[in-house]
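*Asks:* start-v1.cif is reproduced in full below (mmCIF, C-alpha atoms).
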data_model
#
loop_
_atom_site.label_atom_id
_atom_site.label_comp_id
_atom_site.auth_asym_id
_atom_site.auth_seq_id
_atom_site.Cartn_x
_atom_site.Cartn_y
_atom_site.Cartn_z
CA MET A 1 19.98 11.96 -9.53
CA SER A 2 21.54 8.64 -10.45
CA PHE A 3 18.44 6.56 -9.71
CA ASP A 4 16.42 6.01 -12.87
CA PRO A 5 12.62 5.72 -12.34
CA ALA A 6 12.46 3.67 -15.55
CA THR A 7 14.06 0.78 -13.64
CA LEU A 8 10.85 0.30 -11.65
CA ARG A 9 8.15 -2.09 -12.85
CA TYR A 10 4.97 -0.37 -14.00
CA ASP A 11 1.67 -1.98 -14.92
CA ALA A 12 0.09 -1.97 -18.38
CA ARG A 13 -1.05 1.63 -17.80
CA GLY A 14 2.51 2.66 -16.89
CA LEU A 15 1.59 3.02 -13.20
CA ILE A 16 3.02 1.81 -9.91
CA PRO A 17 1.16 1.82 -6.57
CA ALA A 18 2.55 4.17 -3.92
CA ILE A 19 1.73 3.81 -0.23
CA ALA A 20 2.08 6.97 1.86
CA GLN A 21 3.03 6.38 5.50
CA ASP A 22 3.47 9.03 8.18
CA ALA A 23 7.21 9.06 8.83
CA GLU A 24 6.78 9.75 12.52
CA SER A 25 3.66 7.88 13.64
CA GLY A 26 3.91 5.02 11.14
CA GLU A 27 0.24 5.47 10.24
CA VAL A 28 -0.63 4.40 6.69
CA LEU A 29 -2.31 7.46 5.21
CA MET A 30 -3.34 6.53 1.66
CA MET A 31 -2.50 4.61 -1.48
CA ALA A 32 -2.35 6.23 -4.89
CA TRP A 33 -0.53 5.78 -8.19
CA MET A 34 2.56 7.18 -9.87
CA ASN A 35 3.98 6.97 -13.35
CA ALA A 36 7.73 7.30 -13.99
CA ASP A 37 7.47 11.08 -14.38
CA ALA A 38 5.58 11.40 -11.10
CA VAL A 39 8.31 9.38 -9.36
CA ALA A 40 10.95 11.69 -10.84
CA ARG A 41 9.03 14.84 -9.90
CA THR A 42 8.51 13.60 -6.36
CA LEU A 43 12.22 12.91 -5.94
CA GLN A 44 13.27 16.19 -7.54
CA THR A 45 10.87 18.44 -5.67
CA GLY A 46 10.48 16.56 -2.37
CA ARG A 47 6.74 17.17 -2.73
CA VAL A 48 4.76 13.98 -3.29
CA THR A 49 3.24 13.97 -6.77
CA TYR A 50 0.88 11.22 -7.91
CA TRP A 51 -0.72 10.51 -11.26
CA SER A 52 -4.46 11.01 -11.20
CA ARG A 53 -6.11 8.13 -13.05
CA SER A 54 -9.47 9.92 -13.18
CA ARG A 55 -8.12 13.26 -14.38
CA GLN A 56 -5.15 11.80 -16.31
CA GLU A 57 -2.80 14.46 -15.00
CA PHE A 58 -0.15 15.02 -12.38
CA TRP A 59 -1.58 15.40 -8.93
CA VAL A 60 0.68 17.37 -6.61
CA LYS A 61 -0.84 16.20 -3.34
CA GLY A 62 -2.26 19.17 -1.43
CA GLU A 63 -1.69 21.68 -4.21
CA THR A 64 -5.21 23.05 -3.86
CA SER A 65 -6.02 21.97 -0.26
CA GLY A 66 -2.66 22.81 1.27
CA HIS A 67 -2.54 19.30 2.71
CA VAL A 68 0.83 18.55 1.18
CA GLN A 69 3.05 15.54 1.66
CA ASP A 70 6.74 16.25 2.02
CA LEU A 71 8.85 13.26 1.12
CA VAL A 72 11.14 11.97 3.85
CA GLU A 73 12.19 8.79 2.06
CA MET A 74 11.09 6.67 -0.88
CA ARG A 75 11.44 2.91 -0.60
CA ILE A 76 11.13 0.21 -3.27
CA ASP A 77 9.86 -3.32 -2.72
CA CYS A 78 11.63 -6.55 -3.65
CA ASP A 79 9.74 -6.89 -6.94
CA ARG A 80 10.25 -3.21 -7.80
CA ASP A 81 6.52 -2.92 -8.46
CA ALA A 82 5.39 -1.02 -5.36
CA LEU A 83 6.61 2.09 -3.55
CA LEU A 84 6.51 3.08 0.10
CA LEU A 85 6.65 6.83 0.72
CA LEU A 86 7.61 8.01 4.19
CA VAL A 87 6.09 11.48 4.40
CA ARG A 88 5.47 14.46 6.60
CA GLN A 89 1.76 15.08 6.15
CA THR A 90 0.36 18.57 6.58
CA GLY A 91 -3.30 18.42 7.63
CA PRO A 92 -5.45 15.39 6.83
CA ALA A 93 -4.35 13.09 4.01
CA CYS A 94 -7.88 12.10 2.99
CA HIS A 95 -10.18 14.29 0.88
CA THR A 96 -12.87 13.54 3.50
CA ALA A 97 -10.75 15.55 6.00
CA ARG A 98 -9.75 12.43 7.90
CA ARG A 99 -6.17 11.85 8.86
CA SER A 100 -6.00 8.64 6.83
CA CYS A 101 -8.06 7.27 3.95
CA PHE A 102 -8.27 3.94 5.79
CA TYR A 103 -10.89 5.08 8.28
CA THR A 104 -13.29 2.16 7.79
CA ALA A 105 -12.58 -1.01 9.74
CA LEU A 106 -14.29 -4.36 9.49
CA ARG A 107 -15.25 -5.46 12.98
CA ASP A 108 -17.51 -8.43 13.69
CA GLY A 109 -18.44 -8.49 10.02
CA ALA A 110 -19.61 -4.87 9.90
CA GLU A 111 -18.05 -1.66 8.61
CA VAL A 112 -17.14 0.69 11.44
CA GLU A 113 -15.90 4.26 11.04
CA ILE A 114 -12.88 4.55 13.32
CA MET A 115 -11.74 8.08 12.51
CA ALA A 116 -13.65 11.37 12.48
CA PRO A 117 -13.03 14.24 10.07
CA GLU A 118 -10.63 16.82 11.48
CA SER A 119 -12.09 20.23 12.11
CA MET B 1 -20.48 -12.31 7.79
CA SER B 2 -22.67 -9.40 6.77
CA PHE B 3 -19.91 -7.51 4.94
CA ASP B 4 -20.01 -8.34 1.23
CA PRO B 5 -16.59 -8.31 -0.53
CA ALA B 6 -18.42 -7.55 -3.81
CA THR B 7 -19.03 -4.02 -2.50
CA LEU B 8 -15.32 -3.21 -2.89
CA ARG B 9 -13.99 -1.73 -6.12
CA TYR B 10 -11.78 -4.07 -8.10
CA ASP B 11 -9.70 -3.26 -11.16
CA ALA B 12 -10.26 -4.67 -14.65
CA ARG B 13 -8.61 -7.92 -13.55
CA GLY B 14 -10.94 -8.17 -10.57
CA LEU B 15 -8.16 -7.31 -8.12
CA ILE B 16 -7.70 -4.86 -5.26
CA PRO B 17 -4.33 -3.90 -3.73
CA ALA B 18 -3.80 -4.99 -0.12
CA ILE B 19 -1.16 -3.44 2.12
CA ALA B 20 0.04 -5.58 5.02
CA GLN B 21 1.13 -3.65 8.09
CA ASP B 22 2.53 -5.12 11.31
CA ALA B 23 -0.24 -4.50 13.84
CA GLU B 24 2.20 -3.89 16.68
CA SER B 25 5.19 -2.08 15.18
CA GLY B 26 3.33 -0.29 12.39
CA GLU B 27 5.94 -1.43 9.87
CA VAL B 28 4.63 -1.78 6.32
CA LEU B 29 5.54 -5.34 5.36
CA MET B 30 4.39 -5.85 1.79
CA MET B 31 1.77 -5.08 -0.83
CA ALA B 32 -0.02 -7.76 -2.80
CA TRP B 33 -3.38 -8.33 -4.47
CA MET B 34 -6.70 -9.89 -3.58
CA ASN B 35 -9.80 -10.76 -5.53
CA ALA B 36 -13.23 -10.89 -3.89
CA ASP B 37 -12.81 -14.57 -2.99
CA ALA B 38 -9.43 -13.91 -1.40
CA VAL B 39 -10.98 -11.12 0.69
CA ALA B 40 -13.73 -13.50 1.81
CA ARG B 41 -11.28 -16.32 2.61
CA THR B 42 -9.06 -13.95 4.59
CA LEU B 43 -12.01 -12.76 6.66
CA GLN B 44 -13.38 -16.26 7.15
CA THR B 45 -10.12 -17.96 8.10
CA GLY B 46 -8.23 -15.09 9.73
CA ARG B 47 -5.25 -16.20 7.66
CA VAL B 48 -4.24 -13.63 5.03
CA THR B 49 -4.85 -15.02 1.55
CA TYR B 50 -3.81 -13.12 -1.56
CA TRP B 51 -4.37 -13.84 -5.24
CA SER B 52 -1.15 -14.67 -7.05
CA ARG B 53 -1.09 -12.83 -10.35
CA SER B 54 1.82 -14.90 -11.66
CA ARG B 55 0.40 -18.29 -10.66
CA GLN B 56 -3.26 -17.30 -11.03
CA GLU B 57 -4.22 -19.04 -7.82
CA PHE B 58 -4.95 -18.34 -4.18
CA TRP B 59 -1.84 -17.64 -2.22
CA VAL B 60 -2.26 -18.39 1.49
CA LYS B 61 0.64 -16.31 2.73
CA GLY B 62 3.19 -18.53 4.47
CA GLU B 63 1.49 -21.81 3.55
CA THR B 64 4.78 -23.33 2.41
CA SER B 65 7.27 -21.14 4.30
CA GLY B 66 5.39 -21.02 7.59
CA HIS B 67 5.69 -17.23 7.51
CA VAL B 68 1.98 -16.72 7.91
CA GLN B 69 0.05 -13.52 8.41
CA ASP B 70 -2.76 -13.65 10.95
CA LEU B 71 -5.32 -10.96 10.35
CA VAL B 72 -5.90 -8.54 13.21
CA GLU B 73 -8.11 -6.11 11.29
CA MET B 74 -9.00 -5.29 7.70
CA ARG B 75 -9.54 -1.65 6.76
CA ILE B 76 -11.02 -0.14 3.61
CA ASP B 77 -10.04 3.19 2.10
CA CYS B 78 -12.38 6.06 1.19
CA ASP B 79 -12.64 4.99 -2.46
CA ARG B 80 -13.11 1.33 -1.52
CA ASP B 81 -10.33 0.43 -3.95
CA ALA B 82 -7.51 -0.36 -1.52
CA LEU B 83 -7.21 -2.48 1.63
CA LEU B 84 -5.04 -2.13 4.69
CA LEU B 85 -4.42 -5.35 6.59
CA LEU B 86 -3.21 -5.14 10.16
CA VAL B 87 -1.45 -8.45 10.74
CA ARG B 88 0.59 -10.51 13.12
CA GLN B 89 3.50 -11.65 10.97
CA THR B 90 5.29 -14.89 11.79
CA GLY B 91 8.89 -14.74 10.57
CA PRO B 92 9.93 -12.48 7.70
CA ALA B 93 7.22 -11.22 5.32
CA CYS B 94 9.50 -11.04 2.28
CA HIS B 95 10.51 -14.06 0.21
CA THR B 96 14.10 -12.73 0.48
CA ALA B 97 13.89 -13.49 4.24
CA ARG B 98 13.78 -9.83 5.13
CA ARG B 99 11.23 -8.56 7.61
CA SER B 100 9.64 -6.26 5.00
CA CYS B 101 9.65 -6.24 1.21
CA PHE B 102 10.45 -2.51 1.33
CA TYR B 103 14.13 -2.96 2.21
CA THR B 104 15.52 -0.70 -0.49
CA ALA B 105 15.65 3.03 0.25
CA LEU B 106 16.57 5.87 -2.06
CA ARG B 107 19.15 8.01 -0.31
CA ASP B 108 21.10 10.77 -2.04
CA GLY B 109 19.87 9.44 -5.36
CA ALA B 110 21.18 5.92 -4.79
CA GLU B 111 19.52 2.65 -3.79
CA VAL B 112 20.57 1.55 -0.32
CA GLU B 113 19.70 -1.77 1.31
CA ILE B 114 18.45 -0.91 4.78
CA MET B 115 17.44 -4.36 6.02
CA ALA B 116 19.38 -7.62 6.12
CA PRO B 117 17.87 -11.09 5.65
CA GLU B 118 16.92 -12.72 8.94
CA SER B 119 18.87 -15.82 9.83
#
Take the structure in the file and give it back as C-alpha coordinates.

*Replies:*
Amino acid sequence: MSFDPATLRYDARGLIPAIAQDAESGEVLMMAWMNADAVARTLQTGRVTYWSRSRQEFWVKGETSGHVQDLVEMRIDCDRDALLLLVRQTGPACHTARRSCFYTALRDGAEVEIMAPES
Amino acid sequence: MSFDPATLRYDARGLIPAIAQDAESGEVLMMAWMNADAVARTLQTGRVTYWSRSRQEFWVKGETSGHVQDLVEMRIDCDRDALLLLVRQTGPACHTARRSCFYTALRDGAEVEIMAPES
(Lines of atoms letter the chains of each structure in order from A and count residues from 1; the text may use other names and numbers.)
(Lines give C-alpha, C1' and ligand atoms only; values in the text may rest on other atoms or scores of the structure.)
Protein backbone atom coordinates (compact mmCIF):
# COMPACT_ATOMS: atom_id res chain seq x y z
CA MET A 1 0.00 0.00 0.00
CA SER A 2 1.43 3.35 -1.01
CA PHE A 3 -0.69 5.39 1.40
CA ASP A 4 1.20 6.03 4.63
CA PRO A 5 -1.00 6.28 7.77
CA ALA A 6 1.74 8.43 9.35
CA THR A 7 0.67 11.27 7.03
CA LEU A 8 -2.56 11.67 8.99
CA ARG A 9 -2.78 14.09 11.92
CA TYR A 10 -3.14 12.39 15.29
CA ASP A 11 -3.85 14.02 18.63
CA ALA A 12 -1.48 14.10 21.61
CA ARG A 13 -2.41 10.48 22.39
CA GLY A 14 -1.58 9.43 18.82
CA LEU A 15 -5.28 8.96 17.98
CA ILE A 16 -7.61 10.08 15.20
CA PRO A 17 -11.42 9.96 15.36
CA ALA A 18 -13.09 7.54 12.94
CA ILE A 19 -16.77 7.79 12.00
CA ALA A 20 -18.39 4.57 10.78
CA GLN A 21 -21.21 5.06 8.28
CA ASP A 22 -23.33 2.34 6.71
CA ALA A 23 -22.22 2.29 3.08
CA GLU A 24 -25.69 1.50 1.80
CA SER A 25 -28.14 3.32 4.06
CA GLY A 26 -25.89 6.26 4.94
CA GLU A 27 -26.72 5.81 8.62
CA VAL A 28 -23.99 6.99 11.00
CA LEU A 29 -23.33 3.96 13.19
CA MET A 30 -20.66 5.00 15.70
CA MET A 31 -17.54 7.01 16.35
CA ALA A 32 -14.38 5.50 17.77
CA TRP A 33 -10.63 6.05 17.63
CA MET A 34 -7.70 4.71 15.65
CA ASN A 35 -3.96 5.03 15.95
CA ALA A 36 -1.68 4.74 12.90
CA ASP A 37 -1.34 0.96 13.34
CA ALA A 38 -5.12 0.54 13.55
CA VAL A 39 -5.49 2.52 10.31
CA ALA A 40 -2.91 0.27 8.64
CA ARG A 41 -4.53 -2.92 9.96
CA THR A 42 -7.96 -1.78 8.82
CA LEU A 43 -6.68 -1.09 5.31
CA GLN A 44 -4.68 -4.31 5.13
CA THR A 45 -7.37 -6.63 6.45
CA GLY A 46 -10.54 -4.86 5.28
CA ARG A 47 -11.89 -5.47 8.79
CA VAL A 48 -12.38 -2.27 10.78
CA THR A 49 -9.96 -2.16 13.71
CA TYR A 50 -10.09 0.60 16.30
CA TRP A 51 -7.84 1.41 19.23
CA SER A 52 -9.57 0.89 22.55
CA ARG A 53 -8.75 3.82 24.83
CA SER A 54 -10.10 2.02 27.90
CA ARG A 55 -8.32 -1.28 27.27
CA GLN A 56 -5.31 0.25 25.48
CA GLU A 57 -5.34 -2.44 22.82
CA PHE A 58 -6.46 -3.06 19.27
CA TRP A 59 -10.18 -3.55 19.00
CA VAL A 60 -11.17 -5.58 15.95
CA LYS A 61 -14.80 -4.51 15.82
CA GLY A 62 -17.06 -7.54 16.25
CA GLU A 63 -14.25 -9.97 17.02
CA THR A 64 -16.12 -11.36 20.01
CA SER A 65 -19.72 -10.39 19.11
CA GLY A 66 -19.55 -11.27 15.43
CA HIS A 67 -20.88 -7.79 14.64
CA VAL A 68 -18.01 -6.99 12.32
CA GLN A 69 -17.52 -3.99 10.09
CA ASP A 70 -16.16 -4.69 6.64
CA LEU A 71 -14.49 -1.66 5.13
CA VAL A 72 -15.92 -0.44 1.85
CA GLU A 73 -13.94 2.79 1.68
CA MET A 74 -11.88 4.99 3.97
CA ARG A 75 -12.08 8.75 3.50
CA ILE A 76 -9.91 11.52 4.96
CA ASP A 77 -11.08 15.02 5.81
CA CYS A 78 -9.54 18.29 4.62
CA ASP A 79 -7.47 18.72 7.79
CA ARG A 80 -6.36 15.07 7.75
CA ASP A 81 -7.45 14.78 11.39
CA ALA A 82 -10.68 12.78 11.01
CA LEU A 83 -11.65 9.63 9.13
CA LEU A 84 -14.92 8.53 7.59
CA LEU A 85 -15.31 4.77 7.21
CA LEU A 86 -17.93 3.48 4.81
CA VAL A 87 -18.71 0.01 6.09
CA ARG A 88 -20.87 -3.04 5.68
CA GLN A 89 -22.13 -3.66 9.21
CA THR A 90 -23.04 -7.17 10.29
CA GLY A 91 -25.63 -7.06 13.08
CA PRO A 92 -25.97 -4.02 15.33
CA ALA A 93 -23.03 -1.64 15.61
CA CYS A 94 -23.74 -0.63 19.21
CA HIS A 95 -22.83 -2.77 22.23
CA THR A 96 -26.41 -2.11 23.44
CA ALA A 97 -27.62 -4.18 20.44
CA ARG A 98 -28.95 -1.11 18.66
CA ARG A 99 -28.21 -0.55 15.02
CA SER A 100 -26.41 2.72 15.76
CA CYS A 101 -24.82 4.16 18.89
CA PHE A 102 -26.65 7.44 18.21
CA TYR A 103 -30.02 6.22 19.44
CA THR A 104 -30.74 9.14 21.77
CA ALA A 105 -32.25 12.26 20.22
CA LEU A 106 -32.90 15.60 21.83
CA ARG A 107 -36.47 16.59 21.11
CA ASP A 108 -38.21 19.53 22.77
CA GLY A 109 -35.36 19.69 25.26
CA ALA A 110 -35.68 16.08 26.39
CA GLU A 111 -33.73 12.91 25.61
CA VAL A 112 -35.78 10.48 23.54
CA GLU A 113 -34.76 6.93 22.65
CA ILE A 114 -35.42 6.58 18.93
CA MET A 115 -34.08 3.08 18.32
CA ALA A 116 -34.83 -0.20 20.07
CA PRO A 117 -32.32 -3.01 20.63
CA GLU A 118 -32.42 -5.62 17.87
CA SER A 119 -33.55 -9.04 18.92
CA MET B 1 -34.40 23.57 28.05
CA SER B 2 -34.40 20.68 30.49
CA PHE B 3 -31.46 18.87 28.87
CA ASP B 4 -28.22 19.80 30.63
CA PRO B 5 -25.11 19.83 28.37
CA ALA B 6 -22.99 19.17 31.49
CA THR B 7 -24.33 15.59 31.48
CA LEU B 8 -22.29 14.82 28.36
CA ARG B 9 -18.77 13.44 28.64
CA TYR B 10 -16.07 15.84 27.54
CA ASP B 11 -12.38 15.13 27.07
CA ALA B 12 -9.56 16.64 29.13
CA ARG B 13 -9.88 19.87 27.13
CA GLY B 14 -13.60 20.02 27.87
CA LEU B 15 -14.51 19.10 24.28
CA ILE B 16 -16.78 16.57 22.61
CA PRO B 17 -16.60 15.58 18.92
CA ALA B 18 -19.61 16.56 16.81
CA ILE B 19 -20.37 14.96 13.45
CA ALA B 20 -22.47 17.02 11.06
CA GLN B 21 -24.67 15.00 8.71
CA ASP B 22 -26.95 16.38 6.00
CA ALA B 23 -30.44 15.67 7.33
CA GLU B 24 -31.85 14.99 3.87
CA SER B 25 -29.11 13.24 1.91
CA GLY B 26 -27.41 11.53 4.84
CA GLU B 27 -24.02 12.75 3.63
CA VAL B 28 -21.45 13.20 6.41
CA LEU B 29 -20.29 16.79 5.99
CA MET B 30 -17.63 17.40 8.63
CA MET B 31 -16.46 16.70 12.15
CA ALA B 32 -15.59 19.43 14.61
CA TRP B 33 -15.63 20.03 18.37
CA MET B 34 -17.97 21.54 20.91
CA ASN B 35 -17.66 22.46 24.55
CA ALA B 36 -20.67 22.53 26.87
CA ASP B 37 -21.38 26.18 26.05
CA ALA B 38 -21.26 25.49 22.32
CA VAL B 39 -23.74 22.63 22.79
CA ALA B 40 -26.05 24.96 24.72
CA ARG B 41 -25.74 27.77 22.14
CA THR B 42 -26.44 25.35 19.29
CA LEU B 43 -29.58 24.10 20.99
CA GLN B 44 -30.74 27.57 21.97
CA THR B 45 -30.16 29.25 18.61
CA GLY B 46 -30.67 26.34 16.21
CA ARG B 47 -27.52 27.53 14.48
CA VAL B 48 -24.64 25.04 14.78
CA THR B 49 -21.86 26.54 16.90
CA TYR B 50 -18.55 24.73 17.39
CA TRP B 51 -15.55 25.56 19.55
CA SER B 52 -12.51 26.46 17.48
CA ARG B 53 -9.48 24.71 18.93
CA SER B 54 -7.06 26.84 16.90
CA ARG B 55 -8.68 30.18 17.69
CA GLN B 56 -9.98 29.19 21.13
CA GLU B 57 -13.33 30.83 20.52
CA PHE B 58 -16.88 30.02 19.54
CA TRP B 59 -17.21 29.28 15.88
CA VAL B 60 -20.72 29.91 14.58
CA LYS B 61 -20.47 27.81 11.44
CA GLY B 62 -20.93 29.99 8.36
CA GLU B 63 -20.97 33.29 10.27
CA THR B 64 -18.50 34.86 7.83
CA SER B 65 -19.01 32.62 4.78
CA GLY B 66 -22.79 32.40 4.97
CA HIS B 67 -22.47 28.61 4.77
CA VAL B 68 -24.50 28.08 7.91
CA GLN B 69 -25.72 24.85 9.44
CA ASP B 70 -29.25 24.89 10.79
CA LEU B 71 -29.80 22.21 13.38
CA VAL B 72 -32.54 19.71 12.63
CA GLU B 73 -31.76 17.33 15.48
CA MET B 74 -28.94 16.61 17.91
CA ARG B 75 -28.24 13.00 18.85
CA ILE B 76 -26.06 11.57 21.61
CA ASP B 77 -24.18 8.29 21.45
CA CYS B 78 -24.34 5.44 23.98
CA ASP B 79 -21.22 6.61 25.84
CA ARG B 80 -22.38 10.24 25.81
CA ASP B 81 -18.99 11.23 24.41
CA ALA B 82 -19.90 11.96 20.79
CA LEU B 83 -22.63 13.98 19.09
CA LEU B 84 -24.38 13.55 15.76
CA LEU B 85 -25.89 16.72 14.33
CA LEU B 86 -28.52 16.41 11.64
CA VAL B 87 -28.33 19.70 9.78
CA ARG B 88 -29.59 21.70 6.86
CA GLN B 89 -26.39 22.92 5.22
CA THR B 90 -26.41 26.15 3.22
CA GLY B 91 -23.68 26.05 0.57
CA PRO B 92 -20.59 23.87 0.95
CA ALA B 93 -19.66 22.67 4.45
CA CYS B 94 -15.91 22.59 3.80
CA HIS B 95 -13.70 25.68 3.80
CA THR B 96 -12.28 24.36 0.49
CA ALA B 97 -15.75 25.00 -1.03
CA ARG B 98 -16.49 21.31 -1.30
CA ARG B 99 -19.82 19.97 -0.13
CA SER B 100 -18.15 17.73 2.49
CA CYS B 101 -14.75 17.83 4.19
CA PHE B 102 -14.40 14.10 3.46
CA TYR B 103 -13.53 14.54 -0.22
CA THR B 104 -10.43 12.37 -0.23
CA ALA B 105 -10.93 8.62 -0.64
CA LEU B 106 -8.37 5.85 -0.39
CA ARG B 107 -8.71 3.67 -3.47
CA ASP B 108 -6.21 0.97 -4.40
CA GLY B 109 -3.84 2.39 -1.81
CA ALA B 110 -3.86 5.90 -3.27
CA GLU B 111 -5.59 9.14 -2.27
CA VAL B 112 -8.25 10.13 -4.79
CA GLU B 113 -10.18 13.40 -4.78
CA ILE B 114 -13.82 12.43 -5.22
CA MET B 115 -15.48 15.84 -4.91
CA ALA B 116 -14.78 19.11 -6.71
CA PRO B 117 -15.14 22.58 -5.20
CA GLU B 118 -18.55 24.11 -5.85
CA SER B 119 -18.55 27.19 -8.02

*Asks:* Taking only C-alpha atoms into account, find every residue of chain A that has an atom no more than 6 Å from chain B, and write it out as a list in words.

*Replies:*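 Taken together, these residues fit the definition: Met1, Ser2, Phe3, Gly26, Met74, Arg75, Ile76, Asp77, Cys78, Cys101, Phe102, Thr104, Ala105, Leu106, Gly109 and Ala110 of chain A.
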
*Asks:* Distance atom CA of Tyr10 of chain A-atom CA of Trp33 of chain A, one decimal place?

*Replies:*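 Interatomic distance here is 10.1 Å.
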
*Asks:* So that I can check the surroundings of segment 66-69 of chain B, please list as a PDB file with C-alpha atoms, keeping the file's coordinate frame every protein, DNA and RNA residue that reaches within 8 Å of it, counting all atoms listed in the file and ignoring chain neighbours fewer than 4 positions away.

*Replies:*
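Written out: selection-v9.pdb:
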ATOM      1  CA  ARG B  47      -5.250 -16.200   7.660  1.00  0.00           C
ATOM      2  CA  VAL B  48      -4.240 -13.630   5.030  1.00  0.00           C
ATOM      3  CA  VAL B  60      -2.260 -18.390   1.490  1.00  0.00           C
ATOM      4  CA  LYS B  61       0.640 -16.310   2.730  1.00  0.00           C
ATOM      5  CA  GLY B  62       3.190 -18.530   4.470  1.00  0.00           C
ATOM      6  CA  VAL B  87      -1.450  -8.450  10.740  1.00  0.00           C
ATOM      7  CA  ARG B  88       0.590 -10.510  13.120  1.00  0.00           C
ATOM      8  CA  GLN B  89       3.500 -11.650  10.970  1.00  0.00           C
ATOM      9  CA  THR B  90       5.290 -14.890  11.790  1.00  0.00           C
ATOM     10  CA  GLY B  91       8.890 -14.740  10.570  1.00  0.00           C
ATOM     11  CA  PRO B  92       9.930 -12.480   7.700  1.00  0.00           C
ATOM     12  CA  ALA B  93       7.220 -11.220   5.320  1.00  0.00           C
TER      13      ALA B  93
END

*Asks:* I'd like the interatomic distance between atom CA of Ala20 of chain A and atom CA of Leu86 of chain B, to a tenth of an Å.

*Replies:*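 Between atom CA of Ala20 of chain A and atom CA of Leu86 of chain B the gap works out to 15.6 Å.
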
*Asks:* The PyMOL selection byres ((chain A and resi 59) around 10) on the file shown: which residues, as a PyMOL selection string?

*Replies:* chain A and resi 33-34+38+48-53+55-58+60-64

*Asks:* Record the distance separating atom CA of Arg9 of chain A and atom CA of Asp37 of chain A, expressed in Å with one decimal.

*Replies:*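 One can read the atom CA of Arg9 of chain A to atom CA of Asp37 of chain A distance as 13.3 Å.
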